[in-house]
>>> print(open('upload35.cif').read())   # mmCIF, C-alpha atoms and all ligand atoms
data_protein
#
loop_
_atom_site.label_atom_id
_atom_site.label_comp_id
_atom_site.auth_asym_id
_atom_site.auth_seq_id
_atom_site.Cartn_x
_atom_site.Cartn_y
_atom_site.Cartn_z
CA MET A 1 -17.29 6.47 -15.62
CA ASN A 2 -15.36 5.39 -18.67
CA THR A 3 -14.72 1.78 -19.63
CA LEU A 4 -11.01 1.87 -18.90
CA VAL A 5 -11.47 3.13 -15.34
CA PHE A 6 -14.19 0.55 -14.75
CA SER A 7 -11.91 -2.24 -16.09
CA PHE A 8 -9.20 -1.08 -13.68
CA PHE A 9 -11.73 -1.23 -10.83
CA ILE A 10 -12.70 -4.83 -11.68
CA LEU A 11 -9.03 -5.82 -12.08
CA GLY A 12 -8.37 -4.26 -8.65
CA LEU A 13 -11.20 -6.31 -7.06
CA ILE A 14 -9.71 -9.53 -8.44
CA ILE A 15 -6.12 -8.63 -7.47
CA GLY A 16 -7.39 -7.50 -4.04
CA SER A 17 -8.93 -10.92 -3.47
CA PHE A 18 -5.52 -12.47 -4.23
CA LEU A 19 -3.79 -9.98 -1.89
CA ASN A 20 -6.03 -11.18 0.98
CA VAL A 21 -4.83 -14.72 0.38
CA LEU A 22 -1.25 -13.44 0.35
CA VAL A 23 -1.62 -11.74 3.78
CA TYR A 24 -2.61 -15.04 5.43
CA ARG A 25 -0.43 -17.46 3.50
CA LEU A 26 2.77 -15.39 3.82
CA ARG A 27 2.40 -15.64 7.60
CA ASP A 28 2.14 -19.43 7.60
CA ALA A 29 4.56 -19.84 4.68
CA GLU A 30 1.83 -21.76 2.83
CA THR A 31 1.83 -22.27 -0.91
CA LEU A 32 0.17 -19.45 -2.83
CA LEU A 33 -1.47 -21.91 -5.22
CA GLY A 34 -4.37 -24.21 -4.45
CA ARG A 35 -7.98 -23.59 -3.50
CA SER A 36 -8.92 -21.49 -0.50
CA LEU A 37 -10.25 -23.15 2.65
CA CYS A 38 -12.37 -21.66 5.41
CA ARG A 39 -9.85 -20.74 8.12
CA HIS A 40 -12.20 -22.12 10.75
CA CYS A 41 -13.79 -25.36 9.45
CA GLN A 42 -11.28 -26.12 6.64
CA HIS A 43 -14.07 -26.63 4.09
CA GLN A 44 -13.04 -25.76 0.56
CA ILE A 45 -14.64 -22.48 -0.53
CA ARG A 46 -16.96 -22.97 -3.51
CA TRP A 47 -16.11 -20.92 -6.60
CA TYR A 48 -19.40 -19.02 -6.39
CA ASP A 49 -18.65 -18.08 -2.78
CA ASN A 50 -15.28 -16.66 -3.82
CA ILE A 51 -16.42 -13.71 -5.95
CA PRO A 52 -14.83 -10.48 -4.70
CA LEU A 53 -17.15 -8.25 -2.65
CA ILE A 54 -20.37 -9.88 -3.93
CA SER A 55 -19.91 -13.17 -2.06
CA PHE A 56 -19.24 -11.38 1.23
CA VAL A 57 -22.53 -9.50 0.89
CA LEU A 58 -24.56 -12.55 -0.24
CA LEU A 59 -23.15 -14.71 2.58
CA ARG A 60 -23.72 -11.80 5.02
CA GLY A 61 -20.09 -12.12 6.10
CA THR A 62 -20.26 -15.74 7.30
CA CYS A 63 -18.91 -19.10 6.10
CA ARG A 64 -21.56 -21.22 4.29
CA ASP A 65 -20.44 -24.37 6.11
CA CYS A 66 -19.73 -23.38 9.71
CA GLU A 67 -21.27 -19.88 9.84
CA THR A 68 -18.13 -18.39 11.39
CA LYS A 69 -17.82 -14.66 10.73
CA ILE A 70 -15.50 -13.83 7.82
CA SER A 71 -12.97 -11.08 8.57
CA TRP A 72 -13.81 -7.55 7.37
CA GLN A 73 -10.30 -7.53 5.94
CA TYR A 74 -11.55 -9.47 2.88
CA PRO A 75 -14.16 -7.08 1.43
CA LEU A 76 -12.22 -4.02 2.63
CA VAL A 77 -8.95 -4.96 0.88
CA GLU A 78 -10.88 -5.95 -2.27
CA LEU A 79 -12.85 -2.69 -2.41
CA LEU A 80 -9.84 -0.49 -1.58
CA THR A 81 -7.66 -2.19 -4.20
CA GLY A 82 -10.46 -1.79 -6.77
CA VAL A 83 -10.87 1.92 -5.99
CA LEU A 84 -7.11 2.60 -5.94
CA PHE A 85 -6.60 0.80 -9.28
CA ALA A 86 -9.42 2.90 -10.78
CA VAL A 87 -7.80 6.10 -9.45
CA VAL A 88 -4.44 5.09 -11.00
CA GLY A 89 -6.17 4.48 -14.35
CA ALA A 90 -8.09 7.76 -14.20
CA LEU A 91 -5.14 9.95 -13.17
CA PHE A 92 -2.14 8.42 -14.93
CA LEU A 93 -3.43 7.04 -18.24
CA ILE A 94 -4.02 10.13 -20.36
CA SER A 95 -2.30 9.63 -23.72
CA GLY A 96 -1.73 5.88 -23.40
CA SER A 97 1.94 6.14 -24.39
CA ALA A 98 4.36 3.31 -23.60
CA LEU A 99 5.98 5.47 -20.93
CA GLU A 100 2.62 6.06 -19.25
CA TRP A 101 1.85 2.36 -19.27
CA LEU A 102 5.23 1.65 -17.69
CA GLU A 103 4.41 4.06 -14.86
CA VAL A 104 0.86 2.68 -14.50
CA LEU A 105 2.11 -0.92 -14.26
CA TRP A 106 4.63 0.11 -11.61
CA LEU A 107 1.92 2.04 -9.70
CA LEU A 108 -0.46 -0.95 -9.76
CA GLY A 109 2.38 -3.09 -8.38
CA ILE A 110 3.17 -0.53 -5.68
CA VAL A 111 -0.51 -0.13 -4.71
CA SER A 112 -0.85 -3.94 -4.40
CA MET A 113 2.30 -4.39 -2.33
CA LEU A 114 1.50 -1.44 -0.05
CA MET A 115 -1.99 -2.88 0.51
CA VAL A 116 -0.46 -6.18 1.64
CA ILE A 117 2.06 -4.38 3.87
CA ALA A 118 -0.66 -2.24 5.52
CA ALA A 119 -3.06 -5.17 6.08
CA TYR A 120 -0.23 -7.40 7.36
CA ASP A 121 1.05 -4.75 9.78
CA LEU A 122 -2.49 -4.14 11.11
CA ARG A 123 -3.03 -7.85 11.63
CA TYR A 124 0.38 -9.02 12.89
CA MET A 125 2.25 -5.79 13.90
CA GLU A 126 4.99 -6.78 11.50
CA ILE A 127 6.07 -5.87 7.97
CA PRO A 128 6.46 -8.82 5.55
CA LEU A 129 10.06 -8.72 4.32
CA THR A 130 9.50 -10.45 0.97
CA VAL A 131 6.83 -7.94 -0.09
CA LEU A 132 8.97 -5.05 1.15
CA VAL A 133 11.97 -6.24 -0.90
CA ALA A 134 9.75 -6.80 -3.96
CA SER A 135 8.37 -3.24 -3.72
CA GLY A 136 11.93 -1.88 -3.51
CA VAL A 137 13.02 -3.96 -6.52
CA ILE A 138 10.15 -2.89 -8.83
CA THR A 139 10.71 0.74 -7.82
CA ALA A 140 14.43 0.49 -8.63
CA ILE A 141 13.60 -1.11 -11.99
CA PHE A 142 10.96 1.53 -12.80
CA LEU A 143 13.18 4.49 -11.85
CA GLY A 144 16.11 2.99 -13.79
CA ALA A 145 13.99 2.32 -16.89
CA PHE A 146 12.38 5.77 -16.67
CA TRP A 147 15.80 7.42 -16.62
CA TRP A 148 16.90 5.25 -19.54
CA LEU A 149 13.85 6.19 -21.63
CA VAL A 150 13.45 9.87 -20.76
CA PRO A 151 16.29 12.10 -21.90
CA GLU A 152 16.94 14.35 -18.90
CA PRO A 153 20.05 15.27 -16.93
CA PHE A 154 20.73 12.81 -14.10
CA PHE A 155 20.66 15.43 -11.33
CA ALA A 156 17.20 16.59 -12.44
CA SER A 157 15.86 13.07 -13.03
CA ARG A 158 13.20 11.13 -11.20
CA LEU A 159 15.83 8.48 -10.45
CA TRP A 160 18.03 11.01 -8.62
CA PHE A 161 15.09 12.43 -6.62
CA GLY A 162 13.99 8.88 -5.86
CA LEU A 163 17.43 7.97 -4.52
CA LEU A 164 17.52 11.17 -2.43
CA GLY A 165 13.96 10.59 -1.15
CA GLY A 166 14.73 6.99 -0.16
CA ALA A 167 17.90 8.04 1.65
CA ALA A 168 16.24 11.01 3.39
CA VAL A 169 13.10 9.23 4.65
CA GLY A 170 14.97 6.00 5.44
CA GLY A 171 17.67 7.99 7.26
CA PHE A 172 15.08 10.01 9.22
CA PHE A 173 13.29 6.83 10.35
CA PHE A 174 16.62 5.23 11.20
CA LEU A 175 17.30 8.11 13.60
CA LEU A 176 13.81 7.80 15.14
CA VAL A 177 14.18 4.06 15.70
CA TRP A 178 17.73 4.38 16.99
CA MET A 179 17.01 7.27 19.38
CA SER A 180 13.79 5.73 20.71
CA ARG A 181 15.35 2.26 20.94
CA GLU A 182 12.56 0.85 18.77
CA THR A 183 9.73 2.15 20.97
CA TRP A 184 8.33 4.66 18.44
CA MET A 185 8.62 2.43 15.41
CA GLY A 186 10.44 -0.74 14.30
CA TRP A 187 13.29 -1.54 11.93
CA GLY A 188 10.78 -2.69 9.32
CA ASP A 189 9.49 0.91 9.22
CA VAL A 190 13.01 2.15 8.34
CA TRP A 191 13.08 0.02 5.17
CA LEU A 192 9.47 0.84 4.34
CA GLY A 193 10.38 4.52 4.78
CA ALA A 194 13.26 4.12 2.31
CA VAL A 195 10.95 2.48 -0.25
CA VAL A 196 8.10 5.02 0.00
CA GLY A 197 10.65 7.86 0.04
CA ALA A 198 11.96 6.55 -3.30
CA VAL A 199 8.40 6.09 -4.59
CA VAL A 200 7.34 9.72 -4.01
CA GLY A 201 10.81 11.27 -4.45
CA LEU A 202 12.56 13.88 -2.31
CA HIS A 203 10.42 16.74 -3.71
CA LEU A 204 7.28 15.11 -2.24
CA ALA A 205 8.82 13.56 0.90
CA LEU A 206 7.68 16.41 3.16
CA PRO A 207 3.96 16.33 2.24
CA MET A 208 4.07 12.52 2.45
CA LEU A 209 5.55 12.59 5.97
CA THR A 210 3.20 15.39 7.08
CA LEU A 211 0.15 13.41 5.96
CA SER A 212 1.40 10.13 7.48
CA PHE A 213 2.41 11.54 10.88
CA GLY A 214 -0.64 13.83 11.01
CA LEU A 215 -2.97 10.91 10.41
CA GLY A 216 -1.05 8.63 12.79
CA ALA A 217 -1.11 11.22 15.57
CA THR A 218 -4.83 11.92 15.09
CA VAL A 219 -5.79 8.25 15.19
CA GLY A 220 -3.40 7.62 18.11
CA LEU A 221 -4.90 10.47 20.16
CA LEU A 222 -8.45 9.36 19.34
CA ALA A 223 -7.61 5.81 20.44
CA ILE A 224 -6.14 7.08 23.71
CA ALA A 225 -9.13 9.40 24.28
CA ARG A 226 -11.48 6.48 23.84
CA LYS A 227 -9.25 4.51 26.24
CA LYS A 228 -8.82 1.78 23.67
CA LYS A 229 -5.06 1.99 23.84
CA ALA A 230 -2.74 2.79 26.71
CA LEU A 231 -0.16 5.51 26.06
CA LYS A 232 2.70 3.07 25.82
CA SER A 233 1.03 0.48 23.60
CA GLN A 234 2.30 0.27 20.05
CA ILE A 235 0.20 1.36 17.09
CA PRO A 236 1.24 -0.09 13.73
CA PHE A 237 2.66 2.76 11.65
CA ALA A 238 2.81 1.16 8.20
CA PRO A 239 -0.90 1.75 7.39
CA PHE A 240 -0.48 5.52 7.97
CA LEU A 241 2.67 5.60 5.88
CA VAL A 242 0.88 3.74 3.09
CA ILE A 243 -2.11 6.13 3.17
CA GLY A 244 0.23 9.16 3.27
CA THR A 245 2.24 7.85 0.32
CA LEU A 246 -0.71 7.01 -1.93
CA ALA A 247 -2.54 10.23 -1.02
CA THR A 248 0.59 12.26 -1.89
CA LEU A 249 1.09 10.42 -5.20
CA PHE A 250 -2.53 10.87 -6.27
CA LEU A 251 -3.10 14.41 -4.95
CA SER A 252 0.11 15.74 -6.51
CA GLU A 253 -0.97 14.25 -9.84
CA ALA A 254 -4.52 15.61 -9.57
CA PHE A 255 -3.62 19.05 -8.14
CA PRO A 256 -0.05 19.84 -9.27
CA LEU A 257 -0.55 23.56 -8.64
CA PHE A 258 -1.35 23.09 -4.97
CA PHE A 259 1.70 20.92 -4.46
CA ARG A 260 4.00 23.41 -6.17
CA PHE A 261 3.92 25.53 -3.02
CA TYR A 262 5.05 22.58 -1.00
CA ILE A 263 7.95 21.60 -3.22
CA TRP A 264 11.17 23.34 -2.40
ZN ZN B 1 -16.22 -22.54 7.78
#
>>> encode(input="upload35.cif", output="structure tokens", more="lines below")
Ligand SMILES: [Zn+2]
Amino acid sequence: MNTLVFSFFILGLIIGSFLNVLVYRLRDAETLLGRSLCRHCQHQIRWYDNIPLISFVLLRGTCRDCETKISWQYPLVELLTGVLFAVVGALFLISGSALEWLEVLWLLGIVSMLMVIAAYDLRYMEIPLTVLVASGVITAIFLGAFWWLVPEPFFASRLWFGLLGGAAVGGFFFLLVWMSRETWMGWGDVWLGAVVGAVVGLHLALPMLTLSFGLGATVGLLAIARKKKALKSQIPFAPFLVIGTLATLFLSEAFPLFFRFYIW
């Protein structure tokens, strides 16, 4: 593994540890600054117990003070963010041009925000509006800047395909929510759909939706088969949409030839 990819992995671990804090503190509208406390006994967490991944293993997943089990969300979000950052570095930083760095920075932002959205939806069955708006804003800025910097006709540009993708996926989800009267998915999913549609662009909207719905249906059926969920109970959809989006972004970059058959 080269140094750059490894640095991205470490950066992802550190950012992931901050994203965990964000998931909890957004809910309670707490300040994002200040030291972390154990959510059970309120003891301040020592700096050496706050090292991403390593502390969870050394403490065997329990608080040093009250021995309450620490949520699996912590190491999982840290590890996933680390791995996803490393994948972004490995796939998208080839020549190291300014344009590449712009895209990489945007992708790291999108990966982080989508991680928070997925973890938050899993935990609270809700999509955090501030993070959703922020992901839309950085995507608009990136697509705008990309169009400004790359000389290509507007109707062939990434910005145009992003706008079309956002409108198509957002519009499709709007219909689903409206027709099902919010039983299949919620209004938050409509806005998330618009953002991820803009992120992948119209040319990759179909593979993204196929992956997301395929995964959602598989997990949903497995859950019903194991009688963990009743047919009518809601399953949070954002995590599947996030996985489908990131998988589409990364796979289409790694295997452009395969995806050419899918692009109309
Ligand atoms: Zn404790």
>>> closest_residue(input="upload35.cif", among="A:Gln44, A:Thr218, A:Ser97, A:Thr248", to="ligand ZN 1 (chain B)", atoms="only C-alpha atoms and all ligand atoms")
A:Gln44
>>> residues_around(input="upload35.cif", residues="Ile127 of chain A", least_positions_apart="5", cutoff="8 Å", atoms="all atoms listed in the file", output="VMD selection string")
chain A and resid 117 120 to 121 132 188 to 189 238
>>> write_last_selection(input="upload35.cif", atoms="C-alpha atoms", output="compact mmCIF listing (two decimals), in the frame of the given file")
# COMPACT_ATOMS: atom_id res chain seq x y z
CA ILE A 117 2.06 -4.38 3.87
CA TYR A 120 -0.23 -7.40 7.36
CA ASP A 121 1.05 -4.75 9.78
CA LEU A 132 8.97 -5.05 1.15
CA GLY A 188 10.78 -2.69 9.32
CA ASP A 189 9.49 0.91 9.22
CA ALA A 238 2.81 1.16 8.20
>>> closest_residue(input="upload35.cif", among="A:Ile94, A:Leu257, A:Ala86, A:Leu99", to="Phe8 of chain A", atoms="all atoms listed in the file")
A:Ala86
>>> residues_around(input="upload35.cif", residues="Leu79 of chain A", least_positions_apart="3", cutoff="12 Å", atoms="all atoms listed in the file", output="NGL selection string")
:A and (8-17 or 19-20 or 52-54 or 56 or 72-76 or 82-86 or 115)
>>> write_last_selection(input="upload35.cif", atoms="C-alpha atoms", output="compact mmCIF listing (two decimals), keeping the file's coordinate frame")
# COMPACT_ATOMS: atom_id res chain seq x y z
CA PHE A 8 -9.20 -1.08 -13.68
CA PHE A 9 -11.73 -1.23 -10.83
CA ILE A 10 -12.70 -4.83 -11.68
CA LEU A 11 -9.03 -5.82 -12.08
CA GLY A 12 -8.37 -4.26 -8.65
CA LEU A 13 -11.20 -6.31 -7.06
CA ILE A 14 -9.71 -9.53 -8.44
CA ILE A 15 -6.12 -8.63 -7.47
CA GLY A 16 -7.39 -7.50 -4.04
CA SER A 17 -8.93 -10.92 -3.47
CA LEU A 19 -3.79 -9.98 -1.89
CA ASN A 20 -6.03 -11.18 0.98
CA PRO A 52 -14.83 -10.48 -4.70
CA LEU A 53 -17.15 -8.25 -2.65
CA ILE A 54 -20.37 -9.88 -3.93
CA PHE A 56 -19.24 -11.38 1.23
CA TRP A 72 -13.81 -7.55 7.37
CA GLN A 73 -10.30 -7.53 5.94
CA TYR A 74 -11.55 -9.47 2.88
CA PRO A 75 -14.16 -7.08 1.43
CA LEU A 76 -12.22 -4.02 2.63
CA GLY A 82 -10.46 -1.79 -6.77
CA VAL A 83 -10.87 1.92 -5.99
CA LEU A 84 -7.11 2.60 -5.94
CA PHE A 85 -6.60 0.80 -9.28
CA ALA A 86 -9.42 2.90 -10.78
CA MET A 115 -1.99 -2.88 0.51
>>> residues_around(input="upload35.cif", residues="Leu202 of chain A", least_positions_apart="3", cutoff="7 Å", atoms="all atoms listed in the file", output="PyMOL selection string")
chain A and resi 161-162+164-165+197+205
>>> closest_residue(input="upload35.cif", among="A:Gly216, A:Phe18, A:Glu30, A:Ile45", to="ligand ZN 1 (chain B)", atoms="all atoms listed in the file")
A:Ile45
>>> decode(input="upload35.cif", residues="segment 151-170 of chain A", atoms="N, CA and C atoms", output="tab-separated table (two decimals), in the first residue's frame")
chain	number	residue	atom	x	y	z
A	151	PRO	N	-13.24	23.25	-19.77
A	151	PRO	CA	-13.92	23.81	-20.93
A	151	PRO	C	-14.69	22.73	-21.69
A	152	GLU	N	-15.99	22.62	-21.40
A	152	GLU	CA	-16.82	21.68	-22.16
A	152	GLU	C	-18.21	22.29	-22.32
A	153	PRO	N	-18.91	21.91	-23.40
A	153	PRO	CA	-20.23	22.48	-23.63
A	153	PRO	C	-21.18	22.15	-22.47
A	154	PHE	N	-22.02	23.10	-22.11
A	154	PHE	CA	-22.88	22.94	-20.93
A	154	PHE	C	-23.70	21.66	-20.98
A	155	PHE	N	-24.29	21.37	-22.17
A	155	PHE	CA	-25.20	20.22	-22.25
A	155	PHE	C	-24.45	18.88	-22.30
A	156	ALA	N	-23.13	18.90	-22.24
A	156	ALA	CA	-22.36	17.67	-22.12
A	156	ALA	C	-21.59	17.67	-20.80
A	157	SER	N	-21.84	18.67	-19.96
A	157	SER	CA	-21.02	18.85	-18.76
A	157	SER	C	-21.53	18.01	-17.59
A	158	ARG	N	-20.65	17.83	-16.63
A	158	ARG	CA	-20.98	17.12	-15.41
A	158	ARG	C	-22.06	17.88	-14.63
A	159	LEU	N	-22.00	19.21	-14.70
A	159	LEU	CA	-23.00	20.04	-14.03
A	159	LEU	C	-24.40	19.74	-14.56
A	160	TRP	N	-24.53	19.67	-15.89
A	160	TRP	CA	-25.82	19.42	-16.53
A	160	TRP	C	-26.34	18.03	-16.15
A	161	PHE	N	-25.45	17.00	-16.22
A	161	PHE	CA	-25.85	15.64	-15.86
A	161	PHE	C	-26.17	15.53	-14.37
A	162	GLY	N	-25.47	16.33	-13.57
A	162	GLY	CA	-25.76	16.37	-12.14
A	162	GLY	C	-27.15	16.94	-11.87
A	163	LEU	N	-27.46	18.04	-12.55
A	163	LEU	CA	-28.78	18.66	-12.39
A	163	LEU	C	-29.88	17.69	-12.81
A	164	LEU	N	-29.66	17.04	-13.99
A	164	LEU	CA	-30.65	16.07	-14.48
A	164	LEU	C	-30.80	14.89	-13.51
A	165	GLY	N	-29.66	14.39	-13.02
A	165	GLY	CA	-29.68	13.25	-12.08
A	165	GLY	C	-30.42	13.59	-10.80
A	166	GLY	N	-30.15	14.78	-10.26
A	166	GLY	CA	-30.83	15.23	-9.04
A	166	GLY	C	-32.33	15.33	-9.25
A	167	ALA	N	-32.72	15.92	-10.39
A	167	ALA	CA	-34.14	16.09	-10.69
A	167	ALA	C	-34.82	14.73	-10.92
A	168	ALA	N	-34.13	13.83	-11.63
A	168	ALA	CA	-34.72	12.52	-11.96
A	168	ALA	C	-34.91	11.66	-10.72
A	169	VAL	N	-33.85	11.50	-9.91
A	169	VAL	CA	-33.94	10.64	-8.73
A	169	VAL	C	-34.86	11.28	-7.68
A	170	GLY	N	-34.69	12.60	-7.47
A	170	GLY	CA	-35.56	13.31	-6.52
A	170	GLY	C	-37.01	13.21	-6.95
